[in-house]
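Reviewing the structure listed below.
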Amino acid sequence: MAHLDASGPTVAVVGATGAVGREMLAVLEQRCFPLRALRVFASPRSAGSTLPFRGTSLTVEALTDAWPAGIDCALLAAGSGISKTMGPKMAASGTVVIDNSSAFRMDPNVALIVPEINMHADNAHSTKAGTSPTRGRIIANPNCSTIILLMAVTPLHRAFGIERMVVSTYQAASGAGWQAMEALERETRDALAGAAPRATLFHEPYAFNLFSHNSAVDPATGMNVEEQKMLAETHKIWNDPSIRISATCVRVPVMRAHCESVNITLRTPATLADIRRTLAAAATDPNYGGIRILDDRPANAFPTPLKAGGGDDVLIGRLRVDPSQLPTPPTATLDTTPTRGFDMFIAGDQLRKGAAQNAVQIAERIFTTAKR
Ligand SMILES: NC(=O)c1ccc[n+]([C@@H]2O[C@H](COP(=O)([O-])OP(=O)(O)OC[C@H]3O[C@@H](n4cnc5c(N)ncnc54)[C@H](OP(=O)(O)O)[C@@H]3O)[C@@H](O)[C@H]2O)c1
């Protein structure tokens, strides 16, 4: 393989043929991650097929129970079942596991990391690794909608304190893997050919439609699993269970990149100028970055999935005061009125910052000297 670096780790991508796995290869290549070697694993169905990487091709290996020795880091993107059965085995053999599934996110022994926000939570990774064979060797990547949300609002939480958030998501097909992307394409083609709407993968037709997120709905609370994840994972990442969050998660017929409408209530009042200044400072902060303000009112130009797709940054726009937080909203001076309520609309590529890029950034922090 070209561009190998003997001082780098040996990395395995597990689930390399999937939507996230393929993106992991792209991100490792684009970020020039120093690799001693790279191995790619998937199901036996894909064994022997090849994937392009740095101008050459990698042969896919079937994942078996026998995890090979000598792999320093495994980036897992093969679903929570594989993570649950294979993650602890990999960790016990000395591999640092960075897992994209939900298998370990809420495990109190597992750090749930967005590097810009809480890399410090990974202090178990090396220091406590001796307390159990796997402790600290499994790190969880948060849910994609949660990562995108927290990248946009954490600078505001740090500056003014966020007391409450109301979030509505507009989630892309690729968030549910390659089969969902194929379903959207197939159903769109069929609809354009005149066929009646028909659900071929999800519980509702996908083309020219949108529907409540496909995860299971809790009959007791009415919240689906995606919404529950946004609550629980935000509390864990911010280490603050007092934040009040209400989420409505919706799947939309977009191929790539999730959008979110976000309403926040701050603990300390601020002006819109304060909000813009804080976000702009975070966008250029070498210890943060990864966000970009795209908020052009005269041009009606704001974040979209197409603008966010394929990029590293979470885009933030539609920044405005929430008039419902003011008893009698002063229409002429709304922008300059200090208040606790603000609205925004954000977009981020959930295959990149919501999954592959975040995982590779964690690996960089552990195995290389790169900061971002
Ligand atoms: N898609 C997203 O935006 C996103 C975001 C955050 C987190 N995640 C999480 O990332 C994981 C992967 O999601 P995805 O969207 O990439 O799914 P996907 O497109 O369906 O890909 C699944 C991958 O898992 C592999 N796999 C399936 N069964 C396997 C087995 N028995 N042994 C080894 N590999 C096996 C598949 O290999 P074959 O090709 O051989 O079947 C494929 O490479 C999931 O846990 C998901 O929740 C996804």
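Residues in the structure tokens are named by chain (A, B, ... in the order shown) and by number from 1 within that chain; ligands are numbered from 1 in the order shown.
Environment of ligand 1, defined as every protein or nucleic acid residue with an atom within 6 Å of it and counting only C-alpha atoms and all ligand atoms, comprises Gly15, Ala16, Thr17, Gly18, Ala19, Val20, Gly21, Ala42, Ser43, Arg45, Ser46, Leu63, Ala77, Ala78, Gly79, Ser80, Asn100, Ser101, Asn143, Cys144, Ser174, Gly175, Ala176, Gly177, Trp178, Gln350, Leu351, Gly354 and Ala355 of chain A.
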Taking N, CA, C and O atoms for each residue, export the selection above as a compact mmCIF listing (two decimals), in the first residue's frame.
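Okay, result04.txt is ready:
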# COMPACT_ATOMS: atom_id res chain seq x y z
N GLY A 15 -16.77 -3.28 8.55
CA GLY A 15 -17.96 -2.74 7.90
C GLY A 15 -17.53 -1.80 6.78
O GLY A 15 -18.22 -0.84 6.44
N ALA A 16 -16.36 -2.13 6.20
CA ALA A 16 -15.71 -1.21 5.24
C ALA A 16 -16.49 -1.05 3.95
O ALA A 16 -16.29 -0.07 3.23
N THR A 17 -17.38 -2.01 3.64
CA THR A 17 -18.14 -1.90 2.38
C THR A 17 -19.43 -1.10 2.55
O THR A 17 -20.15 -0.87 1.59
N GLY A 18 -19.74 -0.67 3.78
CA GLY A 18 -20.99 0.04 4.04
C GLY A 18 -20.85 1.54 3.81
O GLY A 18 -19.79 2.04 3.44
N ALA A 19 -21.96 2.24 4.06
CA ALA A 19 -21.98 3.69 3.83
C ALA A 19 -20.95 4.40 4.71
O ALA A 19 -20.18 5.25 4.24
N VAL A 20 -20.89 4.04 6.00
CA VAL A 20 -19.92 4.69 6.90
C VAL A 20 -18.52 4.16 6.64
O VAL A 20 -17.55 4.92 6.60
N GLY A 21 -18.39 2.85 6.44
CA GLY A 21 -17.07 2.26 6.23
C GLY A 21 -16.36 2.86 5.02
O GLY A 21 -15.17 3.20 5.09
N ALA A 42 -15.52 -7.03 6.33
CA ALA A 42 -16.98 -6.92 6.16
C ALA A 42 -17.55 -8.32 6.36
O ALA A 42 -16.87 -9.21 6.90
N SER A 43 -18.78 -8.54 5.92
CA SER A 43 -19.39 -9.87 6.08
C SER A 43 -18.76 -10.82 5.07
O SER A 43 -18.13 -10.38 4.10
N ARG A 45 -20.10 -12.16 2.75
CA ARG A 45 -20.63 -11.84 1.40
C ARG A 45 -19.64 -11.01 0.59
O ARG A 45 -19.57 -11.12 -0.62
N SER A 46 -18.90 -10.16 1.27
CA SER A 46 -18.01 -9.22 0.57
C SER A 46 -16.57 -9.68 0.52
O SER A 46 -15.73 -9.00 -0.09
N LEU A 63 -15.03 -10.91 8.36
CA LEU A 63 -14.86 -10.83 9.82
C LEU A 63 -15.25 -12.18 10.42
O LEU A 63 -16.34 -12.68 10.14
N ALA A 77 -18.01 -0.15 12.03
CA ALA A 77 -19.21 0.38 11.38
C ALA A 77 -19.95 -0.78 10.73
O ALA A 77 -20.23 -0.77 9.53
N ALA A 78 -20.26 -1.79 11.54
CA ALA A 78 -20.94 -2.98 11.01
C ALA A 78 -22.22 -3.28 11.78
O ALA A 78 -22.73 -4.39 11.72
N GLY A 79 -22.73 -2.30 12.52
CA GLY A 79 -23.98 -2.49 13.27
C GLY A 79 -23.72 -2.89 14.71
O GLY A 79 -22.65 -3.39 15.05
N SER A 80 -24.74 -2.68 15.55
CA SER A 80 -24.52 -2.87 16.99
C SER A 80 -24.37 -4.34 17.36
O SER A 80 -23.70 -4.65 18.35
N ASN A 100 -18.98 2.97 16.00
CA ASN A 100 -20.01 3.88 15.49
C ASN A 100 -21.42 3.48 15.86
O ASN A 100 -22.35 4.25 15.60
N SER A 101 -21.62 2.32 16.38
CA SER A 101 -22.98 1.88 16.68
C SER A 101 -23.43 2.42 18.04
O SER A 101 -22.66 3.05 18.76
N ASN A 143 -24.37 9.31 18.32
CA ASN A 143 -25.37 9.31 17.25
C ASN A 143 -25.15 10.53 16.34
O ASN A 143 -24.78 11.61 16.82
N CYS A 144 -25.39 10.34 15.04
CA CYS A 144 -25.05 11.39 14.07
C CYS A 144 -25.83 12.69 14.30
O CYS A 144 -25.27 13.78 14.22
N SER A 174 -28.93 8.15 3.70
CA SER A 174 -27.67 7.46 3.99
C SER A 174 -27.45 7.26 5.48
O SER A 174 -26.63 6.44 5.89
N GLY A 175 -28.21 7.98 6.31
CA GLY A 175 -28.16 7.75 7.75
C GLY A 175 -28.61 6.36 8.12
O GLY A 175 -28.32 5.87 9.21
N ALA A 176 -29.35 5.71 7.23
CA ALA A 176 -29.80 4.34 7.48
C ALA A 176 -29.04 3.35 6.60
O ALA A 176 -29.49 2.22 6.40
N GLY A 177 -27.88 3.76 6.07
CA GLY A 177 -27.02 2.82 5.35
C GLY A 177 -27.31 2.73 3.87
O GLY A 177 -28.22 3.38 3.34
N TRP A 178 -26.53 1.89 3.20
CA TRP A 178 -26.60 1.82 1.73
C TRP A 178 -27.94 1.29 1.24
O TRP A 178 -28.41 1.68 0.18
N GLN A 350 -23.82 13.57 7.88
CA GLN A 350 -23.84 12.58 8.96
C GLN A 350 -22.94 11.39 8.69
O GLN A 350 -22.59 10.67 9.61
N LEU A 351 -22.54 11.18 7.41
CA LEU A 351 -21.57 10.12 7.15
C LEU A 351 -20.17 10.57 7.53
O LEU A 351 -19.31 9.75 7.84
N GLY A 354 -20.84 13.17 11.36
CA GLY A 354 -21.75 12.37 12.17
C GLY A 354 -21.29 10.93 12.37
O GLY A 354 -21.92 10.19 13.13
N ALA A 355 -20.21 10.52 11.71
CA ALA A 355 -19.77 9.12 11.84
C ALA A 355 -18.27 9.01 11.55
O ALA A 355 -17.44 9.07 12.46
Practice problem: Write down as an MDAnalysis selection string the residues belonging to region 156-237 of chain A that are assigned helix (DSSP H, G or I) by DSSP computed on the backbone. | Solution: chainID A and resid 156:160 173:176 178:192 225:237
Quick one: write out the picked residues with C-alpha atoms as a tab-separated table (two decimals), in the first residue's frame?
chain	number	residue	atom	x	y	z
A	156	LEU	CA	-23.19	28.80	22.99
A	157	HIS	CA	-23.57	26.40	25.90
A	158	ARG	CA	-20.05	27.26	27.06
A	159	ALA	CA	-20.61	31.00	26.74
A	160	PHE	CA	-24.20	31.46	27.96
A	173	ALA	CA	-31.37	8.27	3.57
A	174	SER	CA	-27.67	7.46	3.99
A	175	GLY	CA	-28.16	7.75	7.75
A	176	ALA	CA	-29.80	4.34	7.48
A	178	TRP	CA	-26.60	1.82	1.73
A	179	GLN	CA	-29.89	-0.11	1.58
A	180	ALA	CA	-31.83	3.05	2.38
A	181	MET	CA	-29.96	4.97	-0.33
A	182	GLU	CA	-30.89	2.26	-2.82
A	183	ALA	CA	-34.52	2.33	-1.63
A	184	LEU	CA	-34.75	6.10	-2.15
A	185	GLU	CA	-33.29	5.81	-5.65
A	186	ARG	CA	-35.49	2.85	-6.58
A	187	GLU	CA	-38.73	4.35	-5.25
A	188	THR	CA	-37.97	7.72	-6.89
A	189	ARG	CA	-37.37	6.07	-10.26
A	190	ASP	CA	-40.58	4.03	-9.91
A	191	ALA	CA	-42.60	7.11	-8.95
A	192	LEU	CA	-41.23	9.09	-11.90
A	225	VAL	CA	-35.24	5.67	19.70
A	226	GLU	CA	-33.48	8.39	17.69
A	227	GLU	CA	-35.15	11.07	19.84
A	228	GLN	CA	-34.24	9.20	23.04
A	229	LYS	CA	-30.61	9.04	21.87
A	230	MET	CA	-30.46	12.79	21.33
A	231	LEU	CA	-31.55	13.37	24.92
A	232	ALA	CA	-29.44	10.77	26.67
A	233	GLU	CA	-26.28	11.30	24.62
A	234	THR	CA	-26.39	15.10	25.01
A	235	HIS	CA	-26.62	14.66	28.79
A	236	LYS	CA	-23.64	12.27	28.75
A	237	ILE	CA	-21.44	14.34	26.41
Exercise. Tell me which of A:Asn224, A:Gln361, A:Ser93, A:Thr200 sits closest to Cys32 (chain A), counting only C-alpha atoms.
Key: A:Gln361
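The space between CA of Val27 (chain A) and CA of Asn214 (chain A) spans 27.6 Å.
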Practice problem: Name the residues in contact with Gln171 (chain A) at a cut-off of 6 Å, using only C-alpha atoms, excluding same-chain residues fewer than 2 positions from it; report them as a count of residues only. | Solution: 5
So which residues of region 125-257 of chain A fall under strand (DSSP E) by DSSP, listed as a PDB file with N, CA, C and O atoms, in the first residue's frame?
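Okay, this is what ended up in part35.pdb:
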ATOM      1  N   ILE A 138     -12.570   0.652  24.563  1.00  0.00           N
ATOM      2  CA  ILE A 138     -13.709   0.873  23.676  1.00  0.00           C
ATOM      3  C   ILE A 138     -14.150   2.331  23.864  1.00  0.00           C
ATOM      4  O   ILE A 138     -14.369   2.782  24.990  1.00  0.00           O
ATOM      5  N   ILE A 139     -14.237   3.033  22.748  1.00  0.00           N
ATOM      6  CA  ILE A 139     -14.702   4.424  22.759  1.00  0.00           C
ATOM      7  C   ILE A 139     -15.893   4.496  21.810  1.00  0.00           C
ATOM      8  O   ILE A 139     -15.865   3.893  20.728  1.00  0.00           O
ATOM      9  N   ALA A 140     -16.936   5.191  22.224  1.00  0.00           N
ATOM     10  CA  ALA A 140     -18.135   5.258  21.387  1.00  0.00           C
ATOM     11  C   ALA A 140     -18.221   6.589  20.655  1.00  0.00           C
ATOM     12  O   ALA A 140     -17.903   7.638  21.203  1.00  0.00           O
ATOM     13  N   ILE A 162     -26.890  26.583  28.108  1.00  0.00           N
ATOM     14  CA  ILE A 162     -28.166  26.246  27.461  1.00  0.00           C
ATOM     15  C   ILE A 162     -29.030  25.516  28.478  1.00  0.00           C
ATOM     16  O   ILE A 162     -28.602  24.542  29.094  1.00  0.00           O
ATOM     17  N   GLU A 163     -30.233  26.043  28.643  1.00  0.00           N
ATOM     18  CA  GLU A 163     -31.157  25.467  29.624  1.00  0.00           C
ATOM     19  C   GLU A 163     -32.092  24.461  28.963  1.00  0.00           C
ATOM     20  O   GLU A 163     -32.442  23.438  29.533  1.00  0.00           O
ATOM     21  N   ARG A 164     -32.484  24.773  27.689  1.00  0.00           N
ATOM     22  CA  ARG A 164     -33.502  23.949  27.028  1.00  0.00           C
ATOM     23  C   ARG A 164     -33.275  23.998  25.517  1.00  0.00           C
ATOM     24  O   ARG A 164     -32.877  25.047  24.986  1.00  0.00           O
ATOM     25  N   MET A 165     -33.546  22.875  24.844  1.00  0.00           N
ATOM     26  CA  MET A 165     -33.468  22.853  23.376  1.00  0.00           C
ATOM     27  C   MET A 165     -34.693  22.142  22.822  1.00  0.00           C
ATOM     28  O   MET A 165     -35.099  21.105  23.359  1.00  0.00           O
ATOM     29  N   VAL A 166     -35.232  22.682  21.738  1.00  0.00           N
ATOM     30  CA  VAL A 166     -36.294  22.001  20.991  1.00  0.00           C
ATOM     31  C   VAL A 166     -35.746  21.801  19.575  1.00  0.00           C
ATOM     32  O   VAL A 166     -35.384  22.770  18.900  1.00  0.00           O
ATOM     33  N   VAL A 167     -35.638  20.542  19.157  1.00  0.00           N
ATOM     34  CA  VAL A 167     -34.950  20.215  17.905  1.00  0.00           C
ATOM     35  C   VAL A 167     -35.872  19.410  17.002  1.00  0.00           C
ATOM     36  O   VAL A 167     -36.543  18.480  17.466  1.00  0.00           O
ATOM     37  N   SER A 168     -35.894  19.759  15.715  1.00  0.00           N
ATOM     38  CA  SER A 168     -36.574  18.921  14.717  1.00  0.00           C
ATOM     39  C   SER A 168     -35.537  18.541  13.674  1.00  0.00           C
ATOM     40  O   SER A 168     -34.843  19.418  13.147  1.00  0.00           O
ATOM     41  N   THR A 169     -35.435  17.236  13.375  1.00  0.00           N
ATOM     42  CA  THR A 169     -34.419  16.807  12.415  1.00  0.00           C
ATOM     43  C   THR A 169     -35.047  16.513  11.058  1.00  0.00           C
ATOM     44  O   THR A 169     -36.227  16.173  10.956  1.00  0.00           O
ATOM     45  N   TYR A 170     -34.209  16.636  10.032  1.00  0.00           N
ATOM     46  CA  TYR A 170     -34.568  16.313   8.643  1.00  0.00           C
ATOM     47  C   TYR A 170     -33.458  15.368   8.178  1.00  0.00           C
ATOM     48  O   TYR A 170     -32.418  15.823   7.695  1.00  0.00           O
ATOM     49  N   GLN A 171     -33.669  14.049   8.340  1.00  0.00           N
ATOM     50  CA  GLN A 171     -32.558  13.111   8.235  1.00  0.00           C
ATOM     51  C   GLN A 171     -32.509  12.387   6.880  1.00  0.00           C
ATOM     52  O   GLN A 171     -33.520  11.913   6.374  1.00  0.00           O
ATOM     53  N   PHE A 211     -41.302  11.060   6.695  1.00  0.00           N
ATOM     54  CA  PHE A 211     -42.028  10.319   7.726  1.00  0.00           C
ATOM     55  C   PHE A 211     -41.243  10.315   9.031  1.00  0.00           C
ATOM     56  O   PHE A 211     -40.024  10.533   9.043  1.00  0.00           O
ATOM     57  N   SER A 212     -41.988  10.051  10.110  1.00  0.00           N
ATOM     58  CA  SER A 212     -41.381   9.980  11.428  1.00  0.00           C
ATOM     59  C   SER A 212     -40.271   8.925  11.410  1.00  0.00           C
ATOM     60  O   SER A 212     -40.411   7.879  10.779  1.00  0.00           O
ATOM     61  N   ARG A 244     -32.806  20.401  29.371  1.00  0.00           N
ATOM     62  CA  ARG A 244     -34.123  19.933  28.919  1.00  0.00           C
ATOM     63  C   ARG A 244     -34.141  19.929  27.389  1.00  0.00           C
ATOM     64  O   ARG A 244     -33.783  20.934  26.761  1.00  0.00           O
ATOM     65  N   ILE A 245     -34.524  18.788  26.834  1.00  0.00           N
ATOM     66  CA  ILE A 245     -34.468  18.628  25.373  1.00  0.00           C
ATOM     67  C   ILE A 245     -35.754  17.966  24.892  1.00  0.00           C
ATOM     68  O   ILE A 245     -36.204  16.978  25.475  1.00  0.00           O
ATOM     69  N   SER A 246     -36.310  18.516  23.815  1.00  0.00           N
ATOM     70  CA  SER A 246     -37.419  17.857  23.133  1.00  0.00           C
ATOM     71  C   SER A 246     -37.026  17.709  21.672  1.00  0.00           C
ATOM     72  O   SER A 246     -36.650  18.695  21.026  1.00  0.00           O
ATOM     73  N   ALA A 247     -37.060  16.472  21.153  1.00  0.00           N
ATOM     74  CA  ALA A 247     -36.631  16.243  19.768  1.00  0.00           C
ATOM     75  C   ALA A 247     -37.753  15.579  18.969  1.00  0.00           C
ATOM     76  O   ALA A 247     -38.511  14.766  19.506  1.00  0.00           O
ATOM     77  N   THR A 248     -37.846  15.962  17.704  1.00  0.00           N
ATOM     78  CA  THR A 248     -38.746  15.287  16.748  1.00  0.00           C
ATOM     79  C   THR A 248     -37.891  14.889  15.561  1.00  0.00           C
ATOM     80  O   THR A 248     -37.332  15.765  14.885  1.00  0.00           O
ATOM     81  N   CYS A 249     -37.731  13.583  15.347  1.00  0.00           N
ATOM     82  CA  CYS A 249     -36.810  13.112  14.302  1.00  0.00           C
ATOM     83  C   CYS A 249     -37.592  12.597  13.105  1.00  0.00           C
ATOM     84  O   CYS A 249     -38.472  11.746  13.249  1.00  0.00           O
ATOM     85  N   VAL A 250     -37.229  13.095  11.938  1.00  0.00           N
ATOM     86  CA  VAL A 250     -37.984  12.823  10.710  1.00  0.00           C
ATOM     87  C   VAL A 250     -37.003  12.424   9.603  1.00  0.00           C
ATOM     88  O   VAL A 250     -35.931  13.008   9.473  1.00  0.00           O
ATOM     89  N   ARG A 251     -37.378  11.428   8.835  1.00  0.00           N
ATOM     90  CA  ARG A 251     -36.574  11.010   7.680  1.00  0.00           C
ATOM     91  C   ARG A 251     -37.106  11.734   6.440  1.00  0.00           C
ATOM     92  O   ARG A 251     -38.323  11.743   6.205  1.00  0.00           O
TER      93      ARG A 251
END
